[in-house]
Amino acid sequence: MAEIPFTAALNRAMAEEMKQDERVVVLGEDVRAGFFGATSGLVDIFGPERVLNTPIWESGIAGMALGLAVTGLRPVAELMFADFFYLAADEIANQMASWHYVTGGQTPVPIVVRTAAGGGFAIGYNHSQCTEASFLNPPGLKIVAPSTAHDAYGLLKSAIRDDNPVLFIEHKLLYGVPGEVPDEEYLIPLGEAAVRREGKDVTVLAWSTMVGKALQASEELEKQGVSVEVIDARTLVPLDEATLLASVAKTGRLVTVEEGRKRGGVGAEIAATVMEKAFGSLKAPVVRVAAPNIPVPSGPAAEAMHVPSVPSIIGGVRTALA
Amino acid sequence: MEAGNVARDPVPIEPKMLLELYRRMVLVRMAETIHKEMLDRQEFYLMGHFGTGQEAVGIGMTAALLPTDYLFATHRGIAEFVGKGMSQEDIWAEYYCRSVGPAKGKGGLHLSDYKVGLVGLVGSLGADYSIAVGAALSSKIQKDGRVTLYSFGEGTSSQSDFGSTLNAAALWKLPLVFGMANNQWCEFAHYSDHVATGDVAPRAEGYGIPWSIADGQDVAAAYAATQEAVDRARRGEGPSFVEFKTYRAGPHFSGEPGAYMAEEDLCRWRERDPLLVAEQRLLAEGVATRDEMDKIAEAARAEVTSAVERARSLPDVTYEEMISGVYAGEVK
């Protein structure tokens, strides 16, 4: 089994899907070169008609993907930064999300919109956000946010084969991180969380880069005698409620951890769901560890204070235990 | 170009074709008239964004398409939908939100009918610019020979995707035809309040896209201008832009009186009502008699009435139907 970077796992997933299904096409700004490397080299194998460089037109990339999808193709579109989802918000939230419903299912809507999310380069408010929370609300989308190269490969292949629009959130700090990806083909179903670490005192739910931080925090807490269960959501829509609720039933405490802003965040939705469905299991209020409600600040010092850290996750767990 | 009462050489058209296009225009006018009458009697929920006065544009444009071609059209009237082949039964089943409609009654006024190439009618004006580019790009990639017609109005030419769309269509030489009905009204305002130039089509030149301006009151002219553009697209020579000079001879929608429209303008435009223009030619060229035209109107009334009655008699969607169908396939 080889260790390959996250981007190579994505690249392999796309190449395999393009090879076995000629309807799969890739489009976006600079996808031939590959801005972050995930699509690099695909044009050499599949040609320029299936690996399409687009003009700088984010709403168009999303809208074109919809037009391609409802006329027989299976586009994998790339929006360079998750912040740019808002440029394409009408196409994503109003159109592709609703299309299957308002056409009465006359057509599948097989679209993957890949994007790079999150901080790490300290480049401020329009290139560093985690915007997935904004897209929990429109019906008809699926949202995937892998934390490892292994999952990125298996989840992207499932997303490409899905007949619904899938927002595929890739954290830019994960792109270079290597991970074990088996040589044999495998799929990871959308809607299945992974329990990364078993514990009995507190459940921590995270996704993307926050899974790694939650695991580090849980190791620290273990030394302090606290047993933390870490769940990697992997898919936010549909959310694997069964795994989450089973864990909360066991631990009685939940901490959600996200890099996005707290107000209206993913954690708010998850906390509400747990209150509705497992209130009797809760021994303490749900704690949300998230970014403050400010634009992502510029510069390394401010960004480091803005993004949830291992100490802030430990603090969140301590609050849940208090 | 002012499409007023000026003498023109008639645009060549097969007499049988002219008669068929006239029949389609009568059907559109009849459907919208009956729709309006139902609203006046407070018998129907769905507000109308009627296209009275501009039927020749939608019917003429769509006559140039094949059944397999894709069409994106708007809320302004149903001419494009009728012309592309959507039946009255299907239109009214959707309008009444009945589960027998092509979109299972989920579309309502957002008509779609994939069996005749109607991909969808978006509710946010211009959201479909890029979707149409995607459809045309899809045809280019799949080499399926289809042409996409993007039908819109001069009001939507102000949306930001307009320029990006013309750029992408020209960049990739897409089989995409822009058919713009300049009906002179952008919601409640004359288009001179919204649009910087009297003509919109010449903007296409800056993108290297051939353009023309056609008489939108003459169905033969609208058909011929679109056919030229469609032929160019099908030959692989890329997009074209046709602006049709027409007139929205009524309010923006059924819930307002159109008080901002001058009666003298309306009277002037009624003299070039597209149905009247076609009737005069059909009579002058001996293609149809007044009696035959009356029969066409009677048949249209029967067709629409029957479709309305059928849709009205069907049950409302159930809760189960309403709540389902967000996703394709099973979702946990």
# chains A, B, ... in the order shown; residues from 1 in each chain; ligands from 1
call {"tool": "select_by_dssp", "arguments": {"residues": "stretch 89-159 of chain A", "states": "strand (DSSP E)", "output": "PyMOL selection string"}}
result
chain A and resi 112-117+142-144
call {"tool": "write_last_selection", "arguments": {"atoms": "C-alpha atoms", "output": "compact mmCIF listing (two decimals), in the first residue's frame"}}
result
# COMPACT_ATOMS: atom_id res chain seq x y z
CA VAL A 112 -19.44 17.43 -8.26
CA VAL A 113 -18.26 20.89 -7.31
CA ARG A 114 -14.79 20.60 -5.80
CA THR A 115 -13.31 23.48 -3.88
CA ALA A 116 -10.40 24.44 -1.63
CA ALA A 117 -11.51 25.69 1.76
CA LYS A 142 -24.86 16.76 -0.68
CA ILE A 143 -21.79 18.03 1.16
CA VAL A 144 -18.62 16.02 1.62
call {"tool": "residues_around", "arguments": {"residues": "stretch 221-232 of chain A", "least_positions_apart": "6", "cutoff": "7 Å", "atoms": "only C-alpha atoms", "output": "PyMOL selection string"}}
result
chain A and resi 193-207+211+214-215
call {"tool": "write_last_selection", "arguments": {"atoms": "C-alpha atoms", "output": "PDB file, in the first residue's frame"}}
result
ATOM      1  CA  ALA A 193     -19.183   8.785   9.366  1.00  0.00           C
ATOM      2  CA  ALA A 194     -16.031   7.148  10.759  1.00  0.00           C
ATOM      3  CA  VAL A 195     -15.268   6.710  14.438  1.00  0.00           C
ATOM      4  CA  ARG A 196     -11.597   7.685  14.553  1.00  0.00           C
ATOM      5  CA  ARG A 197     -11.090   7.042  18.237  1.00  0.00           C
ATOM      6  CA  GLU A 198     -13.341   5.333  20.728  1.00  0.00           C
ATOM      7  CA  GLY A 199     -14.024   6.916  24.092  1.00  0.00           C
ATOM      8  CA  LYS A 200     -16.620   7.030  26.822  1.00  0.00           C
ATOM      9  CA  ASP A 201     -16.700  10.512  28.391  1.00  0.00           C
ATOM     10  CA  VAL A 202     -17.246  12.983  25.546  1.00  0.00           C
ATOM     11  CA  THR A 203     -18.051  12.780  21.827  1.00  0.00           C
ATOM     12  CA  VAL A 204     -16.190  15.187  19.547  1.00  0.00           C
ATOM     13  CA  LEU A 205     -17.638  15.556  16.058  1.00  0.00           C
ATOM     14  CA  ALA A 206     -15.353  17.102  13.441  1.00  0.00           C
ATOM     15  CA  TRP A 207     -14.526  16.953   9.746  1.00  0.00           C
ATOM     16  CA  VAL A 211     -10.397  15.763  12.796  1.00  0.00           C
ATOM     17  CA  ALA A 214      -9.511  16.710  17.639  1.00  0.00           C
ATOM     18  CA  LEU A 215      -7.376  13.562  17.717  1.00  0.00           C
TER      19      LEU A 215
END
call {"tool": "closest_atom_pairs", "arguments": {"of": "chain A", "to": "chain B", "cutoff": "8 Å", "atoms": "only C-alpha atoms", "output": "tab-separated table"}}
result
residue	atom	partner	partner_atom	distance
A:Glu49	CA	B:Ile141	CA	6.3
A:Arg50	CA	B:Ile141	CA	7.7
A:Pro55	CA	B:Ala168	CA	7.3
A:Trp57	CA	B:Ser164	CA	7.1
A:Ser59	CA	B:Ser130	CA	7.5
A:Gly60	CA	B:Ser130	CA	5.0
A:Ile61	CA	B:Ser130	CA	7.7
A:Ala62	CA	B:Ser130	CA	8.0
A:Gly63	CA	B:Ile131	CA	4.7
A:Met64	CA	B:Gly134	CA	3.8
A:Ala65	CA	B:Gly134	CA	6.2
A:Leu66	CA	B:Ile131	CA	5.9
A:Gly67	CA	B:Gly134	CA	4.0
A:Leu68	CA	B:Gly134	CA	4.8
A:Val70	CA	B:Val119	CA	7.6
A:Thr71	CA	B:Ala135	CA	6.1
A:Gly72	CA	B:Ser138	CA	7.7
A:Leu73	CA	B:Ser138	CA	7.0
A:Asp90	CA	B:Ala127	CA	7.1
A:Glu91	CA	B:Ala127	CA	6.7
A:Gln95	CA	B:Val122	CA	7.5
A:Ser98	CA	B:Val326	CA	7.0
A:His100	CA	B:Val326	CA	6.1
A:Tyr101	CA	B:Val326	CA	4.7
A:Val102	CA	B:Gly107	CA	4.7
A:Thr103	CA	B:Ala103	CA	4.5
A:Gly104	CA	B:Ala103	CA	3.9
A:Gly105	CA	B:Gly325	CA	6.7
A:Gln106	CA	B:Tyr114	CA	6.6
A:Thr107	CA	B:Tyr114	CA	7.9
A:Pro108	CA	B:Ala328	CA	6.3
A:Val109	CA	B:Ala328	CA	7.8
A:Pro139	CA	B:Val326	CA	6.9
A:Gly140	CA	B:Val326	CA	5.4
A:Asp163	CA	B:Ala328	CA	5.9
A:Asn164	CA	B:Ala328	CA	6.1
A:Gly191	CA	B:Lys332	CA	6.9
A:Pro238	CA	B:Lys332	CA	6.5
call {"tool": "residues_around", "arguments": {"residues": "B:Val116", "least_positions_apart": "5", "cutoff": "8 Å", "atoms": "only C-alpha atoms", "output": "number ranges by chain"}}
result
B: 67-68, 84-86
call {"tool": "write_last_selection", "arguments": {"atoms": "N, CA, C and O atoms", "output": "PDB file, in the first residue's frame"}}
result
ATOM      1  N   PRO B  67     -36.739  18.754 -33.068  1.00  0.00           N
ATOM      2  CA  PRO B  67     -37.257  18.288 -31.773  1.00  0.00           C
ATOM      3  C   PRO B  67     -36.151  17.969 -30.763  1.00  0.00           C
ATOM      4  O   PRO B  67     -36.344  18.110 -29.557  1.00  0.00           O
ATOM      5  N   THR B  68     -34.992  17.543 -31.252  1.00  0.00           N
ATOM      6  CA  THR B  68     -33.901  17.163 -30.346  1.00  0.00           C
ATOM      7  C   THR B  68     -33.091  18.358 -29.838  1.00  0.00           C
ATOM      8  O   THR B  68     -32.264  18.214 -28.938  1.00  0.00           O
ATOM      9  N   LYS B  84     -41.987  24.635 -29.328  1.00  0.00           N
ATOM     10  CA  LYS B  84     -41.040  23.521 -29.189  1.00  0.00           C
ATOM     11  C   LYS B  84     -41.764  22.196 -29.083  1.00  0.00           C
ATOM     12  O   LYS B  84     -41.139  21.135 -29.179  1.00  0.00           O
ATOM     13  N   GLY B  85     -43.071  22.253 -28.876  1.00  0.00           N
ATOM     14  CA  GLY B  85     -43.837  21.006 -28.907  1.00  0.00           C
ATOM     15  C   GLY B  85     -44.450  20.582 -27.593  1.00  0.00           C
ATOM     16  O   GLY B  85     -44.973  19.467 -27.473  1.00  0.00           O
ATOM     17  N   MET B  86     -44.401  21.452 -26.564  1.00  0.00           N
ATOM     18  CA  MET B  86     -45.040  21.085 -25.307  1.00  0.00           C
ATOM     19  C   MET B  86     -46.557  21.179 -25.504  1.00  0.00           C
ATOM     20  O   MET B  86     -47.068  22.195 -25.987  1.00  0.00           O
TER      21      MET B  86
END
call {"tool": "closest_residue", "arguments": {"among": "A:Ser309, A:Thr251, A:Asn137, A:Thr235", "to": "A:Met210", "atoms": "only C-alpha atoms"}}
result
A:Ser309
call {"tool": "select_by_dssp", "arguments": {"residues": "stretch 141-281 of chain A", "states": "alpha helix (DSSP H)", "output": "VMD selection string"}}
result
chain A and resid 149 to 161 209 to 223 241 to 251 266 to 278
call {"tool": "residues_around", "arguments": {"residues": "A:Ala38", "least_positions_apart": "6", "cutoff": "10 Å", "atoms": "only C-alpha atoms", "output": "VMD selection string"}}
result
chain A and resid 5 to 14 31 to 32 78 114 175
call {"tool": "write_last_selection", "arguments": {"atoms": "N, CA, C and O atoms", "output": "PDB file, in the first residue's frame"}}
result
ATOM      1  N   PRO A   5       0.014  11.744  -1.506  1.00  0.00           N
ATOM      2  CA  PRO A   5      -0.619  12.976  -1.002  1.00  0.00           C
ATOM      3  C   PRO A   5      -2.121  13.014  -1.329  1.00  0.00           C
ATOM      4  O   PRO A   5      -2.583  12.359  -2.262  1.00  0.00           O
ATOM      5  N   PHE A   6      -2.806  13.809  -0.564  1.00  0.00           N
ATOM      6  CA  PHE A   6      -4.244  14.041  -0.738  1.00  0.00           C
ATOM      7  C   PHE A   6      -4.574  14.408  -2.196  1.00  0.00           C
ATOM      8  O   PHE A   6      -5.498  13.870  -2.795  1.00  0.00           O
ATOM      9  N   THR A   7      -3.789  15.304  -2.785  1.00  0.00           N
ATOM     10  CA  THR A   7      -4.056  15.714  -4.175  1.00  0.00           C
ATOM     11  C   THR A   7      -3.905  14.540  -5.122  1.00  0.00           C
ATOM     12  O   THR A   7      -4.668  14.406  -6.084  1.00  0.00           O
ATOM     13  N   ALA A   8      -2.929  13.671  -4.860  1.00  0.00           N
ATOM     14  CA  ALA A   8      -2.732  12.508  -5.742  1.00  0.00           C
ATOM     15  C   ALA A   8      -3.902  11.536  -5.615  1.00  0.00           C
ATOM     16  O   ALA A   8      -4.292  10.887  -6.598  1.00  0.00           O
ATOM     17  N   ALA A   9      -4.458  11.448  -4.418  1.00  0.00           N
ATOM     18  CA  ALA A   9      -5.626  10.584  -4.220  1.00  0.00           C
ATOM     19  C   ALA A   9      -6.825  11.109  -5.014  1.00  0.00           C
ATOM     20  O   ALA A   9      -7.566  10.347  -5.646  1.00  0.00           O
ATOM     21  N   LEU A  10      -6.993  12.435  -4.969  1.00  0.00           N
ATOM     22  CA  LEU A  10      -8.073  13.047  -5.754  1.00  0.00           C
ATOM     23  C   LEU A  10      -7.838  12.821  -7.243  1.00  0.00           C
ATOM     24  O   LEU A  10      -8.754  12.481  -8.003  1.00  0.00           O
ATOM     25  N   ASN A  11      -6.608  13.029  -7.658  1.00  0.00           N
ATOM     26  CA  ASN A  11      -6.244  12.870  -9.064  1.00  0.00           C
ATOM     27  C   ASN A  11      -6.513  11.454  -9.541  1.00  0.00           C
ATOM     28  O   ASN A  11      -7.089  11.230 -10.612  1.00  0.00           O
ATOM     29  N   ARG A  12      -6.136  10.488  -8.723  1.00  0.00           N
ATOM     30  CA  ARG A  12      -6.361   9.084  -9.092  1.00  0.00           C
ATOM     31  C   ARG A  12      -7.860   8.780  -9.197  1.00  0.00           C
ATOM     32  O   ARG A  12      -8.311   8.104 -10.120  1.00  0.00           O
ATOM     33  N   ALA A  13      -8.626   9.315  -8.252  1.00  0.00           N
ATOM     34  CA  ALA A  13     -10.073   9.083  -8.286  1.00  0.00           C
ATOM     35  C   ALA A  13     -10.680   9.632  -9.575  1.00  0.00           C
ATOM     36  O   ALA A  13     -11.469   8.962 -10.252  1.00  0.00           O
ATOM     37  N   MET A  14     -10.299  10.853  -9.929  1.00  0.00           N
ATOM     38  CA  MET A  14     -10.855  11.461 -11.151  1.00  0.00           C
ATOM     39  C   MET A  14     -10.402  10.701 -12.393  1.00  0.00           C
ATOM     40  O   MET A  14     -11.197  10.428 -13.299  1.00  0.00           O
ATOM     41  N   VAL A  31      -7.701  24.100 -14.737  1.00  0.00           N
ATOM     42  CA  VAL A  31      -7.710  22.681 -14.349  1.00  0.00           C
ATOM     43  C   VAL A  31      -6.700  21.869 -15.165  1.00  0.00           C
ATOM     44  O   VAL A  31      -6.285  20.793 -14.728  1.00  0.00           O
ATOM     45  N   ARG A  32      -6.318  22.379 -16.331  1.00  0.00           N
ATOM     46  CA  ARG A  32      -5.302  21.615 -17.091  1.00  0.00           C
ATOM     47  C   ARG A  32      -3.965  21.646 -16.351  1.00  0.00           C
ATOM     48  O   ARG A  32      -3.317  20.611 -16.192  1.00  0.00           O
ATOM     49  N   GLU A  78     -14.510  22.632 -10.739  1.00  0.00           N
ATOM     50  CA  GLU A  78     -13.649  23.126  -9.668  1.00  0.00           C
ATOM     51  C   GLU A  78     -13.857  24.623  -9.495  1.00  0.00           C
ATOM     52  O   GLU A  78     -13.731  25.389 -10.446  1.00  0.00           O
ATOM     53  N   ARG A 114     -15.928  20.688  -6.725  1.00  0.00           N
ATOM     54  CA  ARG A 114     -14.795  20.602  -5.803  1.00  0.00           C
ATOM     55  C   ARG A 114     -14.317  22.010  -5.465  1.00  0.00           C
ATOM     56  O   ARG A 114     -14.348  22.892  -6.321  1.00  0.00           O
ATOM     57  N   TYR A 175      -3.937  19.256   1.228  1.00  0.00           N
ATOM     58  CA  TYR A 175      -3.516  18.852  -0.129  1.00  0.00           C
ATOM     59  C   TYR A 175      -2.165  18.120  -0.152  1.00  0.00           C
ATOM     60  O   TYR A 175      -1.992  17.147  -0.864  1.00  0.00           O
TER      61      TYR A 175
END
call {"tool": "atom_distance", "arguments": {"atom1": "atom CA of B:Gln159", "atom2": "atom CA of A:Ala93"}}
result
17.9 Å
call {"tool": "closest_residue", "arguments": {"among": "B:Glu43, B:Asp193, B:Asp273, B:Glu154", "to": "B:Phe244", "atoms": "only C-alpha atoms"}}
result
B:Glu154
call {"tool": "atom_distance", "arguments": {"atom1": "atom CA of B:Tyr260", "atom2": "atom CA of B:His190"}}
result
8.6 Å
call {"tool": "residues_around", "arguments": {"residues": "stretch 301-314 of chain B", "least_positions_apart": "4", "cutoff": "6 Å", "atoms": "only C-alpha atoms", "output": "JSON list (two decimals) with N, CA and C atoms, in the first residue's frame"}}
result
[["chain", "number", "residue", "atom", "x", "y", "z"],
["B", 31, "ALA", "N", -54.59, 30.32, -25.35],
["B", 31, "ALA", "CA", -54.25, 29.81, -24.03],
["B", 31, "ALA", "C", -54.06, 30.96, -23.04],
["B", 88, "GLN", "N", -50.66, 21.32, -24.77],
["B", 88, "GLN", "CA", -51.52, 22.06, -23.84],
["B", 88, "GLN", "C", -51.79, 21.23, -22.59],
["B", 89, "GLU", "N", -51.99, 19.93, -22.78],
["B", 89, "GLU", "CA", -52.25, 19.07, -21.62],
["B", 89, "GLU", "C", -51.10, 19.13, -20.63],
["B", 92, "TRP", "N", -50.85, 22.73, -18.93],
["B", 92, "TRP", "CA", -51.87, 22.99, -17.91],
["B", 92, "TRP", "C", -51.75, 22.03, -16.73],
["B", 93, "ALA", "N", -51.27, 20.82, -16.99],
["B", 93, "ALA", "CA", -51.02, 19.90, -15.86],
["B", 93, "ALA", "C", -49.96, 20.50, -14.94]]
call {"tool": "atom_distance", "arguments": {"atom1": "atom CA of A:Glu269", "atom2": "atom CA of A:Leu141"}}
result
15.7 Å
